[in-house]
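One file, target-v4.txt, carrying compact mmCIF, C-alpha atoms:
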# COMPACT_ATOMS: atom_id res chain seq x y z
CA MET A 241 102.74 100.86 67.02
CA THR A 242 106.50 100.66 67.44
CA ILE A 243 108.18 101.84 70.62
CA HIS A 244 108.15 105.62 70.99
CA PRO A 245 111.33 106.98 69.32
CA GLU A 246 112.50 108.82 72.45
CA ILE A 247 112.19 105.63 74.49
CA GLY A 248 113.88 103.71 71.71
CA LYS A 249 116.89 106.02 71.82
CA ILE A 250 117.41 105.33 75.51
CA LEU A 251 116.78 101.60 75.22
CA ALA A 252 119.49 101.46 72.54
CA THR A 253 122.05 102.70 75.08
CA LEU A 254 121.30 100.05 77.71
CA PRO A 255 123.73 97.15 78.05
CA ALA A 256 122.34 93.68 77.39
CA PRO A 257 121.65 91.64 80.55
CA ASP A 258 124.69 89.50 81.35
CA GLY A 259 123.09 87.14 83.82
CA SER A 260 125.17 88.33 86.77
CA PRO A 261 123.55 88.24 90.23
CA LEU A 262 121.55 91.28 91.24
CA ASP A 263 123.02 93.42 94.01
CA PRO A 264 120.24 95.28 95.86
CA ALA A 265 122.59 97.68 97.64
CA ALA A 266 124.39 98.68 94.46
CA MET A 267 121.16 99.02 92.50
CA ARG A 268 119.58 101.18 95.20
CA ALA A 269 122.66 103.41 95.22
CA GLY A 270 122.44 103.73 91.46
CA GLU A 271 118.80 104.77 91.69
CA ALA A 272 119.51 107.27 94.44
CA ALA A 273 122.22 108.88 92.33
CA GLN A 274 119.68 109.65 89.61
CA VAL A 275 117.18 111.46 91.85
CA ALA A 276 116.68 115.04 90.71
CA PRO A 277 117.86 117.78 93.08
CA LEU A 278 115.11 119.47 95.06
CA GLN A 279 115.28 122.71 93.10
CA ASP A 280 114.48 120.85 89.87
CA ARG A 281 111.32 119.17 91.15
CA LEU A 282 107.75 120.17 90.44
CA PRO A 283 106.81 122.80 93.05
CA LEU A 284 103.73 122.25 95.20
CA HIS A 285 102.09 124.13 98.04
CA ALA A 286 103.75 121.85 100.62
CA VAL A 287 105.76 118.63 100.83
CA GLU A 288 106.21 117.22 104.33
CA GLU A 289 107.98 114.25 105.86
CA ALA A 290 105.87 112.40 108.42
CA THR A 291 105.61 109.10 110.26
CA ALA A 292 102.54 106.91 110.26
CA VAL A 293 102.28 105.11 113.58
CA THR A 294 100.63 101.78 112.82
CA PRO A 295 100.13 98.37 114.43
CA HIS A 296 103.09 97.16 112.33
CA GLY A 297 105.39 99.92 113.53
CA GLU A 298 106.33 103.36 112.33
CA VAL A 299 106.19 103.84 108.55
CA PRO A 300 107.84 106.86 106.89
CA VAL A 301 105.52 108.76 104.58
CA ARG A 302 105.81 111.89 102.47
CA ILE A 303 102.73 114.09 102.18
CA TYR A 304 102.18 116.24 99.10
CA THR A 305 99.70 119.11 99.27
CA PRO A 306 99.00 120.48 95.78
CA ALA A 307 97.49 123.84 96.71
CA GLU A 308 96.01 125.65 99.65
CA ALA A 309 92.46 124.46 100.33
CA ASP A 310 90.11 123.78 103.21
CA ALA A 311 90.01 120.03 102.57
CA TYR A 312 91.24 117.42 100.10
CA GLY A 313 90.62 113.99 98.75
CA LEU A 314 93.41 111.63 99.83
CA LEU A 315 95.48 109.44 97.52
CA VAL A 316 97.82 106.89 99.12
CA TYR A 317 100.60 105.97 96.69
CA PHE A 318 102.84 102.88 96.66
CA HIS A 319 106.02 103.14 94.57
CA GLY A 320 107.30 100.37 92.31
CA GLY A 321 110.65 98.60 92.23
CA ALA A 322 110.13 94.81 92.18
CA PHE A 323 109.57 94.88 95.95
CA PHE A 324 113.29 95.51 96.65
CA LEU A 325 113.98 98.80 94.90
CA GLY A 326 112.40 102.23 94.89
CA SER A 327 111.93 104.79 97.64
CA LEU A 328 110.14 107.99 98.53
CA ASP A 329 112.88 109.82 96.61
CA THR A 330 113.03 107.72 93.43
CA HIS A 331 109.30 108.18 92.88
CA ASP A 332 109.00 111.70 94.29
CA HIS A 333 108.26 113.12 90.83
CA VAL A 334 105.40 110.64 90.34
CA ALA A 335 103.80 111.62 93.65
CA ARG A 336 104.20 115.31 92.85
CA ALA A 337 102.55 114.94 89.45
CA LEU A 338 99.69 112.92 90.95
CA ALA A 339 99.09 115.64 93.54
CA LYS A 340 99.25 118.49 91.03
CA GLU A 341 96.97 116.94 88.43
CA THR A 342 94.41 115.25 90.68
CA GLY A 343 94.17 118.00 93.30
CA HIS A 344 94.35 115.28 95.95
CA LYS A 345 96.69 115.28 98.91
CA VAL A 346 99.09 112.42 98.14
CA ILE A 347 100.60 110.23 100.86
CA SER A 348 103.60 108.32 99.49
CA VAL A 349 104.52 105.25 101.54
CA GLY A 350 108.11 104.31 102.41
CA TYR A 351 107.26 100.67 102.99
CA ARG A 352 109.75 97.99 104.04
CA LEU A 353 111.62 96.26 101.22
CA ALA A 354 112.74 92.72 100.48
CA PRO A 355 115.07 90.93 101.07
CA GLU A 356 115.75 92.60 104.42
CA HIS A 357 112.08 92.34 105.37
CA ALA A 358 110.13 89.16 104.71
CA PHE A 359 106.66 88.99 103.22
CA PRO A 360 104.19 90.43 104.13
CA ALA A 361 106.08 93.37 105.68
CA GLY A 362 105.77 95.73 102.71
CA LEU A 363 102.13 94.87 102.10
CA ASP A 364 101.33 95.27 105.79
CA ASP A 365 102.92 98.73 105.77
CA CYS A 366 100.90 99.83 102.74
CA TYR A 367 97.60 98.62 104.15
CA ALA A 368 98.36 100.05 107.59
CA VAL A 369 99.07 103.51 106.13
CA VAL A 370 95.72 103.50 104.33
CA ARG A 371 94.01 102.73 107.61
CA TRP A 372 96.15 105.38 109.35
CA ALA A 373 95.13 107.97 106.75
CA ALA A 374 91.45 107.26 107.33
CA GLU A 375 91.86 107.36 111.10
CA ASN A 376 93.78 110.64 110.94
CA GLY A 377 91.63 112.31 108.35
CA ASP A 378 91.01 115.44 110.40
CA SER A 379 94.70 116.21 110.84
CA LEU A 380 95.38 115.43 107.16
CA GLY A 381 92.63 117.75 105.97
CA TRP A 382 90.62 114.92 104.41
CA ASP A 383 87.27 115.98 103.04
CA GLY A 384 85.78 112.62 104.02
CA LYS A 385 85.08 111.75 100.38
CA ASN A 386 87.74 110.21 98.15
CA LEU A 387 90.27 107.86 99.76
CA ALA A 388 92.10 106.45 96.75
CA ILE A 389 95.08 104.13 96.42
CA ALA A 390 97.54 103.96 93.54
CA GLY A 391 100.73 102.14 92.65
CA ASP A 392 103.04 101.49 89.73
CA SER A 393 104.48 98.07 88.84
CA SER A 394 105.01 96.20 92.14
CA GLY A 395 103.32 99.15 93.82
CA GLY A 396 100.34 98.29 91.65
CA THR A 397 100.53 94.75 93.05
CA PHE A 398 100.29 96.23 96.52
CA ALA A 399 97.42 98.53 95.53
CA ALA A 400 95.37 95.62 94.18
CA ALA A 401 96.20 93.50 97.23
CA VAL A 402 95.35 96.33 99.65
CA ALA A 403 91.98 96.82 97.95
CA ALA A 404 91.22 93.11 98.35
CA LYS A 405 92.49 92.97 101.92
CA ALA A 406 90.39 95.97 102.89
CA HIS A 407 87.30 94.42 101.33
CA ASP A 408 87.83 91.18 103.22
CA ASP A 409 88.35 93.08 106.47
CA GLY A 410 85.15 95.07 106.01
CA PHE A 411 87.12 98.32 105.66
CA ASP A 412 84.98 100.12 103.09
CA LYS A 413 86.55 103.57 102.93
CA ILE A 414 88.75 102.97 99.85
CA THR A 415 86.93 104.66 96.99
CA HIS A 416 89.27 104.14 94.00
CA GLN A 417 92.27 102.08 92.91
CA ILE A 418 94.72 103.14 90.20
CA LEU A 419 97.10 100.50 88.88
CA PHE A 420 99.92 101.65 86.60
CA TYR A 421 101.23 98.63 84.61
CA PRO A 422 100.80 96.38 87.65
CA SER A 423 102.50 93.05 88.25
CA LEU A 424 99.50 90.86 89.05
CA ASP A 425 100.69 87.30 88.44
CA LEU A 426 104.03 86.33 89.96
CA ASP A 427 103.91 82.89 88.34
CA PHE A 428 106.25 83.73 85.49
CA ASP A 429 105.35 80.94 83.07
CA ALA A 430 106.19 82.54 79.73
CA ASP A 431 103.26 80.76 78.07
CA ARG A 432 100.67 82.16 80.47
CA TYR A 433 100.21 85.47 78.62
CA ALA A 434 101.00 86.31 75.01
CA SER A 435 102.70 89.59 75.98
CA LEU A 436 105.35 87.65 77.91
CA ARG A 437 106.58 86.35 74.56
CA GLU A 438 105.57 89.26 72.34
CA ASN A 439 107.48 91.74 74.52
CA ALA A 440 110.08 89.33 75.86
CA GLU A 441 113.16 91.30 74.81
CA GLY A 442 114.24 94.74 73.77
CA TYR A 443 111.81 96.92 75.73
CA GLY A 444 113.62 97.45 79.04
CA LEU A 445 111.87 95.00 81.35
CA GLU A 446 112.44 91.56 79.84
CA THR A 447 110.56 88.34 80.49
CA ALA A 448 113.73 86.48 81.42
CA GLY A 449 114.40 89.11 84.10
CA LEU A 450 111.08 88.78 85.88
CA ALA A 451 112.04 85.78 88.00
CA PRO A 452 115.41 87.10 89.20
CA PHE A 453 114.08 90.59 89.89
CA ASN A 454 111.18 89.23 91.92
CA SER A 455 113.24 86.51 93.61
CA PHE A 456 114.05 88.69 96.62
CA TYR A 457 110.34 88.99 97.34
CA LEU A 458 109.40 85.41 96.54
CA ASP A 459 112.33 83.99 98.50
CA SER A 460 111.18 86.02 101.52
CA GLY A 461 108.01 83.96 101.77
CA ALA A 462 105.70 85.42 99.14
CA ASP A 463 103.83 82.55 97.47
CA PRO A 464 102.81 83.23 93.84
CA ALA A 465 99.65 81.18 94.41
CA ASP A 466 98.52 83.56 97.17
CA PRO A 467 96.06 86.18 95.84
CA LEU A 468 97.73 88.78 98.07
CA VAL A 469 100.94 88.11 96.10
CA SER A 470 99.31 87.53 92.69
CA PRO A 471 96.03 89.48 92.84
CA ILE A 472 94.82 88.05 89.54
CA LYS A 473 94.45 84.68 91.29
CA ARG A 474 91.69 86.02 93.52
CA GLY A 475 88.55 84.10 92.63
CA ASP A 476 85.92 86.68 93.57
CA LEU A 477 86.50 90.30 92.55
CA THR A 478 83.03 91.54 93.39
CA GLY A 479 82.77 94.50 95.71
CA LEU A 480 86.22 95.93 94.99
CA PRO A 481 86.63 99.68 94.47
CA PRO A 482 86.35 101.29 91.04
CA ALA A 483 89.58 100.78 89.14
CA LEU A 484 91.71 102.49 86.51
CA VAL A 485 94.23 100.07 85.00
CA ILE A 486 96.99 101.61 82.88
CA ALA A 487 98.84 99.20 80.58
CA ALA A 488 101.80 99.70 78.24
CA GLU A 489 101.81 98.25 74.73
CA HIS A 490 105.40 97.00 74.90
CA ASP A 491 105.33 95.52 78.41
CA PRO A 492 105.64 91.80 79.19
CA LEU A 493 103.05 92.42 81.94
CA ARG A 494 100.53 94.05 79.60
CA ASP A 495 98.15 91.13 79.19
CA GLU A 496 97.78 90.30 82.87
CA ALA A 497 96.95 93.95 83.61
CA GLU A 498 94.32 94.03 80.88
CA LEU A 499 92.89 90.65 81.89
CA TYR A 500 92.57 91.83 85.49
CA GLY A 501 90.72 94.91 84.35
CA GLN A 502 88.39 92.76 82.27
CA ARG A 503 87.77 90.41 85.19
CA LEU A 504 86.93 93.38 87.39
CA LYS A 505 84.35 94.51 84.85
CA GLU A 506 82.86 91.02 84.65
CA ALA A 507 82.58 91.07 88.46
CA GLY A 508 80.52 94.25 88.28
CA VAL A 509 83.32 96.62 89.30
CA ASP A 510 83.41 100.02 87.63
CA ALA A 511 86.73 99.51 85.84
CA ARG A 512 88.53 101.19 82.98
CA VAL A 513 91.52 99.72 81.13
CA SER A 514 93.71 102.09 79.15
CA ARG A 515 96.57 100.86 76.94
CA TYR A 516 99.29 103.38 76.00
CA ALA A 517 100.62 102.77 72.52
CA GLY A 518 104.36 103.00 72.05
CA ALA A 519 105.01 102.76 75.80
CA ASN A 520 107.05 100.27 77.79
CA HIS A 521 107.00 99.09 81.40
CA GLY A 522 107.84 101.92 83.76
CA PHE A 523 106.89 104.69 81.37
CA VAL A 524 105.05 106.77 83.97
CA GLN A 525 108.13 106.83 86.19
CA ASN A 526 110.78 107.04 83.47
CA PHE A 527 109.23 108.86 80.53
CA SER A 528 106.51 111.19 81.80
CA TRP A 529 108.59 114.07 80.42
CA ILE A 530 107.23 112.97 77.03
CA PRO A 531 103.83 114.72 76.69
CA ASP A 532 102.00 111.57 75.54
CA PHE A 533 103.24 109.74 78.62
CA TYR A 534 102.36 112.48 81.08
CA ARG A 535 98.75 111.86 80.11
CA PRO A 536 98.21 109.07 82.69
CA PHE A 537 98.27 111.75 85.38
CA HIS A 538 95.47 113.58 83.59
CA GLU A 539 93.62 110.30 83.14
CA ALA A 540 93.99 109.57 86.85
CA ALA A 541 92.61 113.02 87.62
CA GLY A 542 89.60 112.46 85.39
CA PHE A 543 88.96 109.06 86.96
CA LEU A 544 89.13 110.37 90.52
CA ASN A 545 87.25 113.58 90.02
CA ALA A 546 84.49 112.13 87.83
CA ARG A 547 83.83 109.54 90.51
CA THR A 548 84.18 111.66 93.63
CA VAL A 549 82.18 110.23 96.49
CA LYS A 550 79.42 112.65 97.42
Starting from the coordinates I provided, produce the structure as structure tokens.
Amino acid sequence: MTIHPEIGKILATLPAPDGSPLDPAAMRAGEAAQVAPLQDRLPLHAVEEATAVTPHGEVPVRIYTPAEADAYGLLVYFHGGAFFLGSLDTHDHVARALAKETGHKVISVGYRLAPEHAFPAGLDDCYAVVRWAAENGDSLGWDGKNLAIAGDSSGGTFAAAVAAKAHDDGFDKITHQILFYPSLDLDFDADRYASLRENAEGYGLETAGLAPFNSFYLDSGADPADPLVSPIKRGDLTGLPPALVIAAEHDPLRDEAELYGQRLKEAGVDARVSRYAGANHGFVQNFSWIPDFYRPFHEAAGFLNARTVK
């Protein structure tokens, strides 16, 4: 299927990459300028700013309560942005939609970004907030059942790495992982996966841009050979939580996401891989106003609520 026509219209307006150095401060300011005003956001029962006090320091979080209830499943969400972009605000609409459709209380994590903070600062923050959520379940209204994690793009990298780290630490409370078009192999050899060539240009995220966009993270000490950096390099995937992997047809990262889902299945993990035709990388964040591309939120809800821990 060709790219969705509404996405195609927007892609046609984007300037071609000119090879100039990336400026994190300017790019963050540009993202912030596009955040919708509060009155235009999806209303929920409550949205609260909070601070998770963890062994790695204080981590800002935003807590989304979908409706009034006695107790909730918890979903800890890690935003995308190539490890140096994104914020609680830029992905506020994603967290709101996840809360509304899943019925879970969502905890969005304002983790530390590269290049200001070296690896593994961001990963440490994400993992620490999951542990904090479990330890503070009573005050968060946790029902003691689902404790899910989710992330998009580089946030999906963190979600997969957090699931593995928790398993290795013997922390068994994570019940689900949801990976939206995750970046799972930071070795950007264009011959490693067919989608890196098939979707190399013209779909927003381009193969040639992967190395420079991820350079802030890799230059901070993240080693692509480390399974906590490239989760697909983990040899043993047994014992990881059930997984929903969402892939986009026109994404250079499509094949690594689908391969990871297949490897999870082969390791005995309850895993589902779902490819969205006509979609590109970032479609959940950028194009969920298109009905077909809002569906991942419904799919996430079905995955969580069909597999609720009793």
For A:Gly362, which of A:Phe456, A:Trp382, A:Phe398, A:Phe533 is the closest residue, counting only C-alpha atoms?
A:Phe398
With stretch 410-414 of chain A as the partner and 9 Å as the cut-off, tabulate the residues of stretch 348-376 of chain A that qualify, each row holding the nearest pair of atoms and their distance in Å to one decimal, using only C-alpha atoms, sorted by chain and rising number, as JSON lines.
{"residue": "A:Val370", "atom": "CA", "partner": "A:Ile414", "partner_atom": "CA", "distance": 8.3}
{"residue": "A:Arg371", "atom": "CA", "partner": "A:Phe411", "partner_atom": "CA", "distance": 8.4}
{"residue": "A:Ala374", "atom": "CA", "partner": "A:Lys413", "partner_atom": "CA", "distance": 7.5}
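Residue nearest A:Gly508 within the list A:Ala286, A:Leu477, A:Ala292, A:Ile530: A:Leu477 [criterion: smallest interatomic distance, all atoms listed in the file].
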Please work out which residues fall within 12 Å of (96.3, 85.4, 92.8), coordinates as given in the file, with all atoms listed in the file counting, and return them as number ranges by chain.
A: 397, 400-401, 404, 423-427, 462-477, 496, 500
Distance query A:Asp532 at most 12 Å, only C-alpha atoms, self and fewer than 3 positions along chain excluded, as a ChimeraX atom specification:
/A:244,246-247,516-519,523-524,527-529,535-539
For each of A:Glu506, A:Glu375, A:Asp392, A:Glu438, take the minimum atom-to-atom distance to A:Phe318, counting all atoms listed in the file, then give the residue where this is smallest.
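Once distances to A:Phe318 are computed over all atoms listed in the file, the minimum belongs to A:Asp392.
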When you look at A:His296 with a cut-off of 9 Å (counting all atoms listed in the file), what residues show up, excluding the ones that are within fewer than 3 positions of it in the same chain? I need them as a VMD selection string.
chain A and resid 293 299 361 364 to 365 368
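Going from atom CA of A:Met241 to atom CA of A:Leu436 covers 17.3 Å.
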Looking at A:Leu480, A:Asp310, A:Ile418, A:Gly444, which one is nearest to A:Pro255, with distances taken over all atoms listed in the file?
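Going through A:Leu480, A:Asp310, A:Ile418, A:Gly444 one by one, the smallest distance to A:Pro255 is for A:Gly444.
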Anything within 9 Å of (117.3, 90.9, 87.3): list those residues as a list in words, counting all atoms listed in the file and sticking to the file's coordinates.
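Protein and nucleic acid residues near the point are Pro257, Gly259, Ser260, Pro261, Leu262, Glu446, Ala448, Gly449, Leu450, Ala451, Pro452, Phe453, Asn454 and Ser455 of chain A.
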Axis-aligned box for all listed atoms of stretch 349-364 of chain A, 6 Å per side, centre and edges in Å to one decimal, as lines of an AutoDock Vina configuration file:
center_x = 108.5
center_y = 97.1
center_z = 103.1
size_x = 26.4
size_y = 28.3
size_z = 17.3
I'd like to know which of A:Ala276, A:Val369, A:Ala322, A:Leu338 is closest to A:Ala354, using all atoms listed in the file.
A:Ala322
Ranking A:His490, A:Arg268, A:Lys385, A:Arg515 by minimum distance to A:Tyr312 and counting all atoms listed in the file, which one comes first?
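For A:Tyr312, the nearest of the given residues is A:Lys385.
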Can you tell me, as a list of chain:residue names, what residues are no more than 6 Å from stretch 387-391 of chain A when counting only C-alpha atoms, ignoring any on the same chain fewer than 2 positions away?
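Once the nearby chain positions are removed, what remains is A:Leu314, A:Leu315, A:Val316, A:Tyr317, A:Phe318, A:His319, A:Gly395, A:Gly396, A:Ala399, A:Ile414, A:Thr415, A:His416, A:Gln417, A:Ile418, A:Leu419.
Taking atom CA of A:Val334 as the reference point, atom CA of A:Gln279 is found at 15.8 Å.
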Who sits within 9 Å of A:His333, all atoms listed in the file, same chain under 3 positions skipped, as a ChimeraX atom specification:
/A:276,281-282,329-330,336-338,525
Write to file, as a compact mmCIF listing (two decimals), keeping the file's coordinate frame, the residues of the selection just made, with C-alpha atoms.
# COMPACT_ATOMS: atom_id res chain seq x y z
CA ALA A 276 116.68 115.04 90.71
CA ARG A 281 111.32 119.17 91.15
CA LEU A 282 107.75 120.17 90.44
CA ASP A 329 112.88 109.82 96.61
CA THR A 330 113.03 107.72 93.43
CA ARG A 336 104.20 115.31 92.85
CA ALA A 337 102.55 114.94 89.45
CA LEU A 338 99.69 112.92 90.95
CA GLN A 525 108.13 106.83 86.19
With all atoms listed in the file as the counted atoms, please give the residues lying no more than 7 Å from A:Val349, apart from itself and same-chain residues fewer than 6 positions off, as a list in words.
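Returned residues: Pro300, Val301, Arg302, Tyr317, Phe318, Leu328 and Cys366 of chain A.
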Provide the atom CA of A:Thr253 to atom CA of A:Gly442 distance in Å, to one decimal place.
11.2 Å
